[in-house]
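Engineer: This is structure_4.cif (mmCIF, C-alpha atoms and all ligand atoms).
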data_structure
loop_
_atom_site.label_atom_id
_atom_site.label_comp_id
_atom_site.auth_asym_id
_atom_site.auth_seq_id
_atom_site.Cartn_x
_atom_site.Cartn_y
_atom_site.Cartn_z
CA MET W 2 -31.74 -90.49 -45.84
CA SER W 3 -35.07 -88.91 -46.75
CA THR W 4 -35.47 -85.20 -46.22
CA LEU W 5 -38.01 -85.72 -43.44
CA ALA W 6 -35.70 -88.19 -41.70
CA THR W 7 -33.05 -85.47 -41.35
CA PHE W 8 -35.33 -83.71 -38.87
CA ARG W 9 -35.12 -86.70 -36.48
CA LEU W 10 -32.85 -86.88 -33.47
CA ASP W 11 -33.01 -90.59 -32.71
CA GLY W 12 -30.57 -91.39 -29.92
CA ALA W 13 -29.25 -87.83 -29.65
CA ARG W 14 -28.40 -86.84 -26.07
CA ALA W 15 -29.98 -83.44 -25.46
CA LEU W 16 -29.87 -80.95 -22.59
CA VAL W 17 -32.75 -78.46 -22.52
CA THR W 18 -32.66 -75.66 -19.94
CA GLY W 19 -35.77 -73.71 -19.02
CA ALA W 20 -37.65 -76.94 -19.63
CA SER W 21 -40.21 -76.65 -16.84
CA ARG W 22 -42.69 -74.56 -18.82
CA GLY W 23 -43.26 -72.22 -21.74
CA ILE W 24 -40.98 -72.36 -24.75
CA GLY W 25 -38.44 -74.69 -23.10
CA GLN W 26 -41.11 -77.26 -22.31
CA ALA W 27 -42.44 -77.15 -25.88
CA VAL W 28 -38.91 -77.57 -27.26
CA ALA W 29 -38.13 -80.47 -24.93
CA LEU W 30 -41.28 -82.31 -25.98
CA ALA W 31 -40.51 -81.75 -29.66
CA LEU W 32 -37.00 -83.14 -29.20
CA ALA W 33 -38.44 -86.17 -27.37
CA GLU W 34 -40.93 -86.71 -30.19
CA ALA W 35 -38.02 -86.60 -32.65
CA GLY W 36 -36.20 -89.33 -30.74
CA ALA W 37 -33.81 -87.52 -28.39
CA GLU W 38 -32.85 -88.70 -24.91
CA LEU W 39 -33.36 -85.76 -22.57
CA ALA W 40 -31.76 -84.01 -19.63
CA LEU W 41 -34.19 -81.35 -18.42
CA SER W 42 -33.17 -78.35 -16.35
CA ALA W 43 -34.93 -75.61 -14.36
CA ARG W 44 -34.46 -74.38 -10.80
CA SER W 45 -36.25 -77.31 -9.15
CA ALA W 46 -36.87 -80.96 -9.96
CA GLU W 47 -40.45 -80.51 -8.82
CA ALA W 48 -41.10 -77.94 -11.58
CA LEU W 49 -39.73 -80.33 -14.21
CA LYS W 50 -41.98 -83.27 -13.36
CA GLY W 51 -44.78 -82.27 -15.73
CA THR W 52 -42.45 -81.96 -18.72
CA ALA W 53 -40.72 -85.22 -17.79
CA GLU W 54 -44.02 -87.11 -17.61
CA LEU W 55 -45.02 -85.88 -21.06
CA ALA W 56 -41.57 -86.61 -22.56
CA VAL W 57 -41.54 -90.15 -21.17
CA GLU W 58 -44.72 -90.82 -23.14
CA HIS W 59 -42.52 -90.68 -26.25
CA GLY W 60 -40.53 -93.61 -24.85
CA ARG W 61 -37.34 -91.64 -24.19
CA THR W 62 -34.86 -91.57 -21.34
CA VAL W 63 -35.50 -88.44 -19.28
CA VAL W 64 -33.24 -87.26 -16.47
CA LEU W 65 -33.65 -84.15 -14.34
CA VAL W 66 -30.68 -81.85 -13.75
CA PRO W 67 -32.09 -78.94 -11.72
CA GLY W 68 -30.02 -75.91 -10.83
CA ASP W 69 -30.34 -72.16 -10.36
CA LEU W 70 -28.46 -70.68 -13.29
CA SER W 71 -28.07 -67.29 -11.62
CA THR W 72 -24.84 -68.80 -10.23
CA THR W 73 -22.36 -69.59 -12.99
CA ALA W 74 -20.82 -72.52 -11.11
CA VAL W 75 -24.25 -74.14 -11.04
CA ALA W 76 -24.59 -73.71 -14.80
CA GLY W 77 -21.42 -75.74 -15.22
CA GLN W 78 -22.67 -78.41 -12.83
CA VAL W 79 -25.94 -78.73 -14.73
CA VAL W 80 -24.02 -79.43 -17.96
CA ASP W 81 -21.73 -81.98 -16.29
CA GLN W 82 -24.64 -83.78 -14.62
CA ALA W 83 -26.56 -83.93 -17.90
CA ALA W 84 -23.55 -85.33 -19.78
CA GLU W 85 -22.83 -87.83 -17.04
CA ALA W 86 -26.43 -89.07 -16.93
CA LEU W 87 -26.80 -89.35 -20.70
CA GLY W 88 -23.25 -90.51 -21.47
CA GLY W 89 -22.38 -87.34 -23.39
CA LEU W 90 -24.14 -84.47 -25.12
CA ASP W 91 -25.02 -84.00 -28.78
CA VAL W 92 -27.59 -81.22 -28.51
CA VAL W 93 -27.89 -78.32 -26.09
CA VAL W 94 -30.88 -75.98 -26.19
CA HIS W 95 -30.42 -73.21 -23.66
CA THR W 96 -33.86 -71.71 -23.10
CA ALA W 97 -33.80 -70.47 -19.50
CA GLY W 98 -34.12 -66.71 -19.32
CA ILE W 99 -35.78 -63.92 -17.38
CA LEU W 100 -37.16 -60.41 -17.62
CA PRO W 101 -36.62 -58.02 -14.71
CA ALA W 102 -39.18 -58.82 -12.02
CA GLU W 103 -41.30 -57.03 -9.44
CA PRO W 104 -40.49 -57.87 -5.78
CA ASP W 105 -43.21 -60.57 -5.91
CA GLY W 106 -41.50 -62.18 -8.92
CA THR W 107 -43.89 -60.91 -11.60
CA PRO W 108 -41.96 -60.08 -14.80
CA THR W 109 -42.10 -56.41 -15.70
CA MET W 110 -41.13 -53.83 -18.31
CA LEU W 111 -39.45 -50.71 -16.94
CA PRO W 112 -37.37 -48.05 -18.72
CA LEU W 113 -33.66 -48.20 -17.90
CA GLN W 114 -33.79 -44.89 -16.04
CA TYR W 115 -36.11 -46.50 -13.47
CA LEU W 116 -34.53 -49.96 -13.36
CA PRO W 117 -32.45 -50.46 -10.19
CA GLN W 118 -28.93 -51.82 -10.68
CA PRO W 119 -29.64 -55.09 -8.81
CA ALA W 120 -32.45 -55.84 -11.26
CA TRP W 121 -30.06 -55.25 -14.19
CA ASP W 122 -27.46 -57.48 -12.53
CA GLU W 123 -29.95 -60.32 -12.04
CA VAL W 124 -30.95 -60.28 -15.71
CA VAL W 125 -27.30 -60.25 -16.81
CA ALA W 126 -26.50 -63.11 -14.41
CA VAL W 127 -29.23 -65.42 -15.67
CA ASN W 128 -29.43 -64.44 -19.34
CA LEU W 129 -25.78 -63.77 -20.16
CA ASN W 130 -23.34 -65.01 -17.51
CA ALA W 131 -25.09 -68.37 -17.22
CA THR W 132 -25.15 -68.65 -21.01
CA ALA W 133 -21.39 -68.18 -21.23
CA ALA W 134 -20.75 -70.65 -18.40
CA LEU W 135 -23.06 -73.19 -19.95
CA CYS W 136 -21.45 -72.87 -23.39
CA ARG W 137 -17.94 -73.14 -21.91
CA GLN W 138 -18.82 -76.27 -19.97
CA ALA W 139 -20.67 -77.85 -22.90
CA PHE W 140 -17.75 -77.42 -25.30
CA PRO W 141 -15.81 -80.64 -24.56
CA TYR W 142 -18.95 -82.76 -24.69
CA LEU W 143 -20.11 -81.22 -27.96
CA ALA W 144 -16.61 -81.45 -29.46
CA ALA W 145 -16.69 -85.19 -28.76
CA SER W 146 -20.10 -85.63 -30.42
CA ALA W 147 -20.69 -86.83 -33.97
CA ARG W 148 -23.63 -84.43 -34.45
CA PRO W 149 -23.16 -81.47 -32.12
CA SER W 150 -25.55 -78.54 -32.00
CA LEU W 151 -25.79 -75.65 -29.56
CA LEU W 152 -28.91 -73.51 -29.72
CA LEU W 153 -29.42 -70.39 -27.62
CA VAL W 154 -32.98 -69.16 -27.25
CA SER W 155 -32.48 -65.42 -27.61
CA SER W 156 -35.25 -62.98 -28.60
CA VAL W 157 -36.41 -60.58 -31.25
CA ALA W 158 -35.67 -58.02 -28.50
CA GLY W 159 -32.00 -58.70 -29.18
CA VAL W 160 -32.43 -57.54 -32.78
CA VAL W 161 -34.78 -54.55 -32.66
CA GLY W 162 -34.94 -51.59 -30.29
CA ALA W 163 -36.73 -52.65 -27.12
CA PRO W 164 -37.47 -49.66 -24.89
CA MET W 165 -38.52 -50.60 -21.37
CA MET W 166 -36.68 -53.90 -21.80
CA GLU W 167 -33.10 -52.62 -22.07
CA ALA W 168 -31.45 -55.13 -19.71
CA TYR W 169 -33.27 -58.03 -21.29
CA ALA W 170 -32.61 -56.82 -24.84
CA ALA W 171 -28.91 -56.22 -24.19
CA THR W 172 -28.45 -59.76 -22.90
CA LYS W 173 -30.41 -61.21 -25.80
CA ALA W 174 -28.29 -59.25 -28.29
CA ALA W 175 -25.20 -60.52 -26.46
CA GLN W 176 -26.43 -64.09 -26.92
CA ILE W 177 -26.67 -63.51 -30.68
CA SER W 178 -23.16 -62.07 -30.68
CA LEU W 179 -21.94 -65.09 -28.75
CA VAL W 180 -23.60 -67.37 -31.29
CA ARG W 181 -21.73 -65.69 -34.15
CA SER W 182 -18.38 -65.86 -32.35
CA LEU W 183 -18.79 -69.44 -31.19
CA ALA W 184 -20.14 -70.62 -34.53
CA THR W 185 -17.08 -69.38 -36.33
CA GLY W 186 -14.65 -70.42 -33.60
CA TRP W 187 -16.11 -73.86 -32.99
CA ALA W 188 -16.79 -74.78 -36.63
CA ARG W 189 -13.41 -76.51 -36.78
CA HIS W 190 -14.72 -78.80 -34.03
CA GLY W 191 -17.84 -79.51 -36.07
CA ILE W 192 -20.09 -77.72 -33.60
CA ARG W 193 -22.99 -75.78 -35.08
CA VAL W 194 -24.14 -72.82 -32.99
CA ASN W 195 -27.34 -70.90 -33.67
CA ALA W 196 -29.91 -68.68 -32.02
CA LEU W 197 -33.68 -68.87 -32.06
CA CYS W 198 -35.32 -65.48 -31.62
CA PRO W 199 -38.97 -65.73 -30.63
CA GLY W 200 -41.37 -62.83 -30.83
CA TRP W 201 -44.21 -62.23 -28.37
CA THR W 202 -45.15 -65.69 -27.09
CA ARG W 203 -47.84 -66.51 -24.52
CA THR W 204 -45.99 -67.91 -21.51
CA ASP W 205 -45.69 -67.17 -17.80
CA MET W 206 -43.00 -64.63 -18.70
CA THR W 207 -45.44 -62.53 -20.71
CA SER W 208 -48.75 -63.11 -18.90
CA PHE W 209 -48.48 -59.63 -17.35
CA ALA W 210 -48.81 -58.27 -20.90
CA TYR W 211 -51.30 -60.56 -22.62
CA ASP W 212 -53.60 -60.49 -19.58
CA ASN W 213 -53.71 -56.70 -19.90
CA GLY W 214 -56.02 -55.91 -22.83
CA PRO W 215 -54.66 -52.47 -23.87
CA VAL W 216 -51.06 -53.63 -23.50
CA SER W 217 -51.71 -56.85 -25.44
CA ASP W 218 -53.55 -54.96 -28.19
CA TRP W 219 -50.71 -52.44 -28.46
CA LEU W 220 -48.06 -55.15 -28.71
CA THR W 221 -49.86 -57.28 -31.28
CA ALA W 222 -50.69 -54.20 -33.36
CA HIS W 223 -46.96 -54.15 -34.14
CA VAL W 224 -46.88 -57.80 -35.20
CA PRO W 225 -47.75 -58.23 -38.90
CA LEU W 226 -49.39 -61.60 -38.16
CA GLY W 227 -51.44 -59.71 -35.56
CA ARG W 228 -51.36 -62.16 -32.66
CA TRP W 229 -49.32 -63.79 -29.93
CA ALA W 230 -47.40 -66.98 -30.69
CA ARG W 231 -48.03 -70.20 -28.78
CA PRO W 232 -44.92 -71.84 -27.23
CA GLU W 233 -45.48 -74.84 -29.50
CA GLU W 234 -44.88 -72.57 -32.49
CA MET W 235 -41.23 -72.15 -31.39
CA ALA W 236 -40.58 -75.88 -31.13
CA PRO W 237 -40.38 -76.78 -34.85
CA ALA W 238 -37.73 -74.12 -35.47
CA ALA W 239 -35.74 -75.31 -32.44
CA LEU W 240 -35.95 -78.89 -33.65
CA PHE W 241 -34.87 -77.90 -37.15
CA LEU W 242 -31.86 -75.93 -35.91
CA SER W 243 -30.83 -78.79 -33.59
CA SER W 244 -31.23 -81.55 -36.17
CA PRO W 245 -29.20 -82.83 -39.15
CA ALA W 246 -31.73 -80.97 -41.34
CA ALA W 247 -29.75 -77.83 -40.44
CA GLY W 248 -26.39 -79.53 -40.97
CA TYR W 249 -25.02 -76.66 -43.12
CA LEU W 250 -26.49 -73.91 -40.97
CA THR W 251 -24.43 -72.20 -38.28
CA GLY W 252 -23.95 -68.73 -36.82
CA GLN W 253 -27.54 -67.71 -37.58
CA ALA W 254 -30.28 -66.04 -35.59
CA LEU W 255 -33.64 -67.33 -36.79
CA LEU W 256 -36.46 -64.90 -36.05
CA VAL W 257 -39.81 -66.57 -35.35
CA ASP W 258 -41.64 -63.36 -34.57
CA GLY W 259 -44.76 -63.07 -36.71
CA GLY W 260 -42.94 -60.46 -38.79
CA LEU W 261 -42.33 -58.09 -35.88
CA SER W 262 -38.73 -57.42 -36.92
CA THR W 263 -39.62 -56.66 -40.52
CA PRO W 264 -40.01 -52.90 -41.10
CA ASP W 265 -42.93 -52.04 -43.37
CA GLY W 266 -41.68 -48.50 -44.03
CA GLY W 267 -45.08 -47.27 -42.85
CA LEU W 268 -46.69 -48.55 -46.05
CA ALA W 269 -48.80 -51.28 -44.42
CA GLY W 270 -50.88 -48.55 -42.79
CA THR W 271 -51.99 -50.85 -39.98
CA PRO W 272 -53.97 -48.77 -37.46
CA LYS W 273 -52.24 -48.61 -34.07
CA PRO W 274 -54.11 -48.07 -30.80
CA PRO W 275 -52.83 -45.36 -28.44
CA SER W 276 -49.75 -46.49 -26.51
CA PRO W 277 -50.52 -47.60 -22.95
CA PHE W 278 -46.85 -46.89 -22.18
CA ALA W 279 -46.90 -43.17 -23.03
CA ALA W 280 -46.85 -42.14 -19.38
CA LEU W 281 -43.67 -44.14 -18.76
CA ALA W 282 -41.63 -42.66 -21.58
N1 LIG W 301 -42.30 -65.46 -24.05
C1 LIG W 301 -41.82 -64.61 -24.97
O1 LIG W 301 -42.55 -63.76 -25.51
C2 LIG W 301 -40.37 -64.68 -25.39
C3 LIG W 301 -39.99 -63.92 -26.49
C4 LIG W 301 -38.67 -63.96 -26.91
C5 LIG W 301 -37.76 -64.76 -26.24
N2 LIG W 301 -38.15 -65.49 -25.17
C6 LIG W 301 -37.13 -66.29 -24.49
O2 LIG W 301 -37.52 -67.63 -24.45
C7 LIG W 301 -36.97 -68.24 -23.28
C8 LIG W 301 -38.10 -68.93 -22.53
O3 LIG W 301 -39.05 -67.95 -22.19
P1 LIG W 301 -40.53 -68.33 -21.71
O4 LIG W 301 -41.40 -67.27 -22.22
O5 LIG W 301 -40.83 -69.74 -22.02
O6 LIG W 301 -40.36 -68.09 -20.15
P2 LIG W 301 -41.02 -68.79 -18.89
O7 LIG W 301 -42.31 -69.42 -19.21
O8 LIG W 301 -40.96 -67.76 -17.82
O9 LIG W 301 -39.97 -69.95 -18.57
C9 LIG W 301 -38.67 -69.61 -18.17
C10 LIG W 301 -37.89 -70.87 -17.94
O10 LIG W 301 -36.58 -70.50 -17.47
C11 LIG W 301 -36.33 -71.13 -16.22
N3 LIG W 301 -35.57 -70.27 -15.36
C12 LIG W 301 -35.85 -68.99 -14.99
N4 LIG W 301 -34.93 -68.53 -14.15
C13 LIG W 301 -34.04 -69.54 -13.96
C14 LIG W 301 -32.86 -69.67 -13.20
N5 LIG W 301 -32.39 -68.67 -12.42
N6 LIG W 301 -32.20 -70.85 -13.22
C15 LIG W 301 -32.64 -71.87 -14.00
N7 LIG W 301 -33.76 -71.81 -14.75
C16 LIG W 301 -34.45 -70.64 -14.73
C17 LIG W 301 -37.72 -71.39 -15.64
O11 LIG W 301 -37.65 -72.47 -14.73
P3 LIG W 301 -38.21 -72.42 -13.21
O12 LIG W 301 -38.91 -71.12 -13.01
O13 LIG W 301 -39.12 -73.60 -13.13
O14 LIG W 301 -36.98 -72.55 -12.40
C18 LIG W 301 -38.51 -71.76 -16.89
O15 LIG W 301 -38.30 -73.11 -17.22
C19 LIG W 301 -36.30 -67.14 -22.48
O16 LIG W 301 -34.92 -67.16 -22.70
C20 LIG W 301 -36.91 -65.88 -23.05
O17 LIG W 301 -36.03 -64.79 -22.96
C21 LIG W 301 -39.44 -65.48 -24.72
#
Could you render the structure from this file as structure tokens?
Structural biologist:
Amino acid sequence: MSTLATFRLDGARALVTGASRGIGQAVALALAEAGAELALSARSAEALKGTAELAVEHGRTVVLVPGDLSTTAVAGQVVDQAAEALGGLDVVVHTAGILPAEPDGTPTMLPLQYLPQPAWDEVVAVNLNATAALCRQAFPYLAASARPSLLLVSSVAGVVGAPMMEAYAATKAAQISLVRSLATGWARHGIRVNALCPGWTRTDMTSFAYDNGPVSDWLTAHVPLGRWARPEEMAPAALFLSSPAAGYLTGQALLVDGGLSTPDGGLAGTPKPPSPFAALA
């Protein structure tokens, strides 16, 4: 097989959660382009139609398995429905995730001391509890696959300190921990388990920040590449980690963060604008 051919997923049966928009949509379309048959998940079938229409253009089977992952039982049902519709599962990319939100649903950043317990609980339910339920339910399908891969979309926030995002960061760090434990535990079943850790990426989740000039400037001033990522820039890494090209790679957290997690020891001397968050500290 040529090196490039190892990046293909022809005939692989793949479940992608969080596939209605943002990073999950970009990943789903990359997997379709690489030849995978897809089960797409988000809270509603309606929200998944756009991704499904684009994926079908690649000539793949696409089924919709909607479900609200804030309930762990639903996470299990989503996995079962995907496996039933596709006749098994070879690849799972779990992308669905949330930040704490304002009452109107707008994602927000708020220091832990001001974050109400229900908001913490909601983030833990969707980002961590659903992840565990989904992994548990996916195990028998992946163990029966000839090319199994489980990829959790975590975050650079799970690796570095993330003030004002403590609930989110704790769940993202927990996902990386889960990846390491499952990768070592499930290796004997041939299942590779990895994490993809995006940096600041322009999606609905982060529009509250990139639409706010001072906040956006402050955030990107701490990114060596100096800009936001596009969701499509996460897809190649997700495809790589899910494909035979990464056949000897497991238990890893791949940071695609524009260098954000790389300390420069202060030597880069990049000028930083005043923090718009100073009043919140
Ligand atoms: N954007 C960034 O800067 C960034 C950085 C690092 C990591 N990440 C991670 O990347 C992943 C995707 O983020 P994104 O920026 O693409 O976010 P996004 O645009 O807000 O998309 C979130 C996705 O998750 C789904 N989702 C949310 N709550 C759900 C629930 N309760 N049940 C089922 N599905 C649910 C959404 O589907 P519906 O709303 O249609 O149901 C949507 O498909 C997340 O895990 C996030 O933590 C993002």
Engineer: Return the single residue from W:Met235, W:Ala230, W:Ala20, W:Ala133 that is closest to ligand LIG 301 (chain W), with distances computed using all atoms listed in the file.
Structural biologist: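 Looking at the shortest contact to ligand LIG 301 (chain W), the residue is W:Ala20.
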Engineer: Which residues are near ligand LIG 301 (chain W) in this structure, taking near to mean any atom at most 6 Å from a ligand atom and counting only C-alpha atoms and all ligand atoms? Format them as a ChimeraX atom specification.
Structural biologist: /W:19-25,43-45,48,68-71,96-99,127,154-157,198-207
Engineer: Report as a PyMOL selection string all protein, DNA and RNA residues lying within 9 Å of W:Val66, evaluated on only C-alpha atoms, omitting residues in the same chain fewer than 5 positions from it.
Structural biologist: chain W and resi 16+18+40-46+78-80+82-83+86
Engineer: Taking every listed atom of stretch 149-168 of chain W and adding 8 Å to each side, what centre and edge lengths in Å (one decimal) does the axis-aligned box have, as AutoDock Vina command-line options?
Structural biologist:
--center_x -30.8 --center_y -65.6 --center_z -26.2 --size_x 31.4 --size_y 47.8 --size_z 29.1
Engineer: When you count only C-alpha atoms, which of these residues is closest to W:Ser150: W:Ala247, W:Met2, W:Leu197, W:Leu32?
Structural biologist: W:Ala247
Engineer: Could you make a table, as a Markdown table, of the residues of stretch 170-257 of chain W that have an atom within 10 Å of an atom of stretch 134-137 of chain W, each with its nearest atom pair and distance in Å to one decimal, counting all atoms listed in the file, in chain and number order?
Structural biologist:
| residue | atom | partner | partner_atom | distance |
| --- | --- | --- | --- | --- |
| W:Leu179 | CA | W:Cys136 | CA | 9.5 |
| W:Val180 | CA | W:Cys136 | CA | 9.9 |
| W:Leu183 | CA | W:Cys136 | CA | 8.9 |
| W:Val194 | CA | W:Cys136 | CA | 10.0 |
Engineer: Which residue out of W:Leu242, W:Val160, W:Ala84, W:Met165 has the minimum interatomic distance to W:Thr263 when all atoms listed in the file are used?
Structural biologist: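 Closest residue, counting all atoms listed in the file: W:Val160.
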Engineer: Might you pull out every residue within 7 Å of W:Asn128, with only C-alpha atoms counted and same-chain residues fewer than 3 positions away left off, and present them as a list in words?
Structural biologist: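 So, after excluding close chain neighbours, the residues are Gly98, Ile99, Val124, Val125, Ala131, Thr132 and Thr172 of chain W.
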Engineer: Atom CA of W:Ala126 to atom CA of W:Ile192: how many Å, to one decimal?
Structural biologist: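 One can read the atom CA of W:Ala126 to atom CA of W:Ile192 distance as 25.0 Å.
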Engineer: Do you have, as CSV, the list of residues of stretch 197-255 of chain W lying at most 10 Å from stretch 268-277 of chain W, each with its nearest atom pair and that distance in Å to one decimal, counting all atoms listed in the file and ordered by chain then number?
Structural biologist:
residue,atom,partner,partner_atom,distance
W:Gly214,CA,W:Pro277,CA,10.0
W:Pro215,CA,W:Pro277,CA,6.5
W:Val216,CA,W:Pro277,CA,6.1
W:Ser217,CA,W:Pro277,CA,9.7
W:Asp218,CA,W:Pro274,CA,7.4
W:Trp219,CA,W:Pro274,CA,6.0
W:Leu220,CA,W:Ser276,CA,9.1
W:Thr221,CA,W:Lys273,CA,9.4
W:Ala222,CA,W:Lys273,CA,5.8
W:His223,CA,W:Lys273,CA,7.7
W:Val224,CA,W:Thr271,CA,9.9
W:Pro225,CA,W:Thr271,CA,8.6
W:Gly227,CA,W:Thr271,CA,9.9
Engineer: To one decimal place, how far is atom CA of W:Ala163 from atom CA of W:Asp258 in Å?
Structural biologist: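 According to the coordinates, atom CA of W:Ala163 and atom CA of W:Asp258 are separated by 13.9 Å.
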Engineer: Under the rule that all atoms listed in the file are counted, which of W:Val63, W:Val17, W:Val75, W:Leu10 is the nearest residue to W:Leu153?
Structural biologist: W:Val17
Engineer: Tell me, in Å to one decimal, how far atom CA of W:Pro101 is from atom CA of W:Asp212.
Structural biologist: 17.8 Å
Engineer: If we count all atoms listed in the file and set the cut-off at 9 Å, which residues sit around W:Ala13, ignoring sequence neighbours fewer than 6 positions away in its own chain? Please answer as a list in words.
Structural biologist: Gly36, Ala37, Glu38, Leu39, Leu90, Asp91, Val92 and Arg148 of chain W
Engineer: Leaving out W:Ala144 and any residue of its chain fewer than 2 positions from it, which residues lie within 9 Å of it when counting all atoms listed in the file, given as a count of residues only?
Structural biologist: 12
Engineer: W:Arg181: which residues within 9 Å, counting only C-alpha atoms, same-chain residues fewer than 2 positions away excluded, as a list in words?
Structural biologist: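 Once the nearby chain positions are removed, what remains is Gln176, Ile177, Ser178, Leu179, Leu183, Ala184, Thr185, Gly186, Val194, Asn195, Ala196, Thr251, Gly252, Gln253 and Ala254 of chain W.
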Engineer: Could those selected residues go to a file with C-alpha atoms, as a PDB file, in the coordinates of the input?
Structural biologist:
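Result file again_24.pdb:
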ATOM      1  CA  GLN W 176     -26.430 -64.090 -26.920  1.00  0.00           C
ATOM      2  CA  ILE W 177     -26.670 -63.510 -30.680  1.00  0.00           C
ATOM      3  CA  SER W 178     -23.160 -62.070 -30.680  1.00  0.00           C
ATOM      4  CA  LEU W 179     -21.940 -65.090 -28.750  1.00  0.00           C
ATOM      5  CA  LEU W 183     -18.790 -69.440 -31.190  1.00  0.00           C
ATOM      6  CA  ALA W 184     -20.140 -70.620 -34.530  1.00  0.00           C
ATOM      7  CA  THR W 185     -17.080 -69.380 -36.330  1.00  0.00           C
ATOM      8  CA  GLY W 186     -14.650 -70.420 -33.600  1.00  0.00           C
ATOM      9  CA  VAL W 194     -24.140 -72.820 -32.990  1.00  0.00           C
ATOM     10  CA  ASN W 195     -27.340 -70.900 -33.670  1.00  0.00           C
ATOM     11  CA  ALA W 196     -29.910 -68.680 -32.020  1.00  0.00           C
ATOM     12  CA  THR W 251     -24.430 -72.200 -38.280  1.00  0.00           C
ATOM     13  CA  GLY W 252     -23.950 -68.730 -36.820  1.00  0.00           C
ATOM     14  CA  GLN W 253     -27.540 -67.710 -37.580  1.00  0.00           C
ATOM     15  CA  ALA W 254     -30.280 -66.040 -35.590  1.00  0.00           C
TER      16      ALA W 254
END
Engineer: Nearest residue to W:Ala145 out of W:Ala170, W:Thr107, W:Gly88, W:Ser208, using only C-alpha atoms?
Structural biologist: W:Gly88
Engineer: Here is a test: counting all atoms listed in the file, which residue of W:Pro237, W:Pro112, W:Ala246, W:Asp81 is nearest to W:Pro67?
Structural biologist: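 Using all atoms listed in the file, the shortest distance to W:Pro67 belongs to W:Asp81.
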Engineer: Start from the incomplete input, build N, CA, C and O atoms for stretch 224-235 of chain W, and deliver everything as an mmCIF file, in the coordinates of the input.
Structural biologist:
data_model
loop_
_atom_site.group_PDB
_atom_site.id
_atom_site.type_symbol
_atom_site.label_atom_id
_atom_site.label_comp_id
_atom_site.auth_asym_id
_atom_site.auth_seq_id
_atom_site.Cartn_x
_atom_site.Cartn_y
_atom_site.Cartn_z
ATOM 1 N N VAL W 224 -47.261 -56.489 -34.657
ATOM 2 C CA VAL W 224 -46.880 -57.800 -35.200
ATOM 3 C C VAL W 224 -47.675 -58.003 -36.487
ATOM 4 O O VAL W 224 -48.907 -58.078 -36.443
ATOM 5 N N PRO W 225 -46.998 -58.072 -37.650
ATOM 6 C CA PRO W 225 -47.750 -58.230 -38.900
ATOM 7 C C PRO W 225 -48.760 -59.380 -38.869
ATOM 8 O O PRO W 225 -49.866 -59.240 -39.397
ATOM 9 N N LEU W 226 -48.423 -60.504 -38.236
ATOM 10 C CA LEU W 226 -49.390 -61.600 -38.160
ATOM 11 C C LEU W 226 -50.491 -61.322 -37.139
ATOM 12 O O LEU W 226 -51.461 -62.084 -37.027
ATOM 13 N N GLY W 227 -50.329 -60.243 -36.349
ATOM 14 C CA GLY W 227 -51.440 -59.710 -35.560
ATOM 15 C C GLY W 227 -51.843 -60.513 -34.338
ATOM 16 O O GLY W 227 -52.961 -60.350 -33.839
ATOM 17 N N ARG W 228 -50.965 -61.354 -33.828
ATOM 18 C CA ARG W 228 -51.360 -62.160 -32.660
ATOM 19 C C ARG W 228 -50.113 -62.615 -31.906
ATOM 20 O O ARG W 228 -48.990 -62.501 -32.396
ATOM 21 N N TRP W 229 -50.364 -63.144 -30.713
ATOM 22 C CA TRP W 229 -49.320 -63.790 -29.930
ATOM 23 C C TRP W 229 -49.001 -65.163 -30.528
ATOM 24 O O TRP W 229 -49.881 -65.813 -31.102
ATOM 25 N N ALA W 230 -47.750 -65.601 -30.340
ATOM 26 C CA ALA W 230 -47.400 -66.980 -30.690
ATOM 27 C C ALA W 230 -47.714 -67.899 -29.506
ATOM 28 O O ALA W 230 -47.759 -67.458 -28.362
ATOM 29 N N ARG W 231 -47.947 -69.160 -29.813
ATOM 30 C CA ARG W 231 -48.030 -70.200 -28.780
ATOM 31 C C ARG W 231 -46.625 -70.794 -28.616
ATOM 32 O O ARG W 231 -45.870 -70.862 -29.595
ATOM 33 N N PRO W 232 -46.264 -71.249 -27.421
ATOM 34 C CA PRO W 232 -44.920 -71.840 -27.230
ATOM 35 C C PRO W 232 -44.639 -72.949 -28.229
ATOM 36 O O PRO W 232 -43.503 -73.083 -28.710
ATOM 37 N N GLU W 233 -45.662 -73.720 -28.570
ATOM 38 C CA GLU W 233 -45.480 -74.840 -29.500
ATOM 39 C C GLU W 233 -45.037 -74.361 -30.882
ATOM 40 O O GLU W 233 -44.486 -75.144 -31.665
ATOM 41 N N GLU W 234 -45.284 -73.086 -31.189
ATOM 42 C CA GLU W 234 -44.880 -72.570 -32.490
ATOM 43 C C GLU W 234 -43.379 -72.271 -32.559
ATOM 44 O O GLU W 234 -42.850 -71.992 -33.638
ATOM 45 N N MET W 235 -42.699 -72.315 -31.410
ATOM 46 C CA MET W 235 -41.230 -72.150 -31.390
ATOM 47 C C MET W 235 -40.523 -73.496 -31.534
ATOM 48 O O MET W 235 -39.358 -73.558 -31.924
#
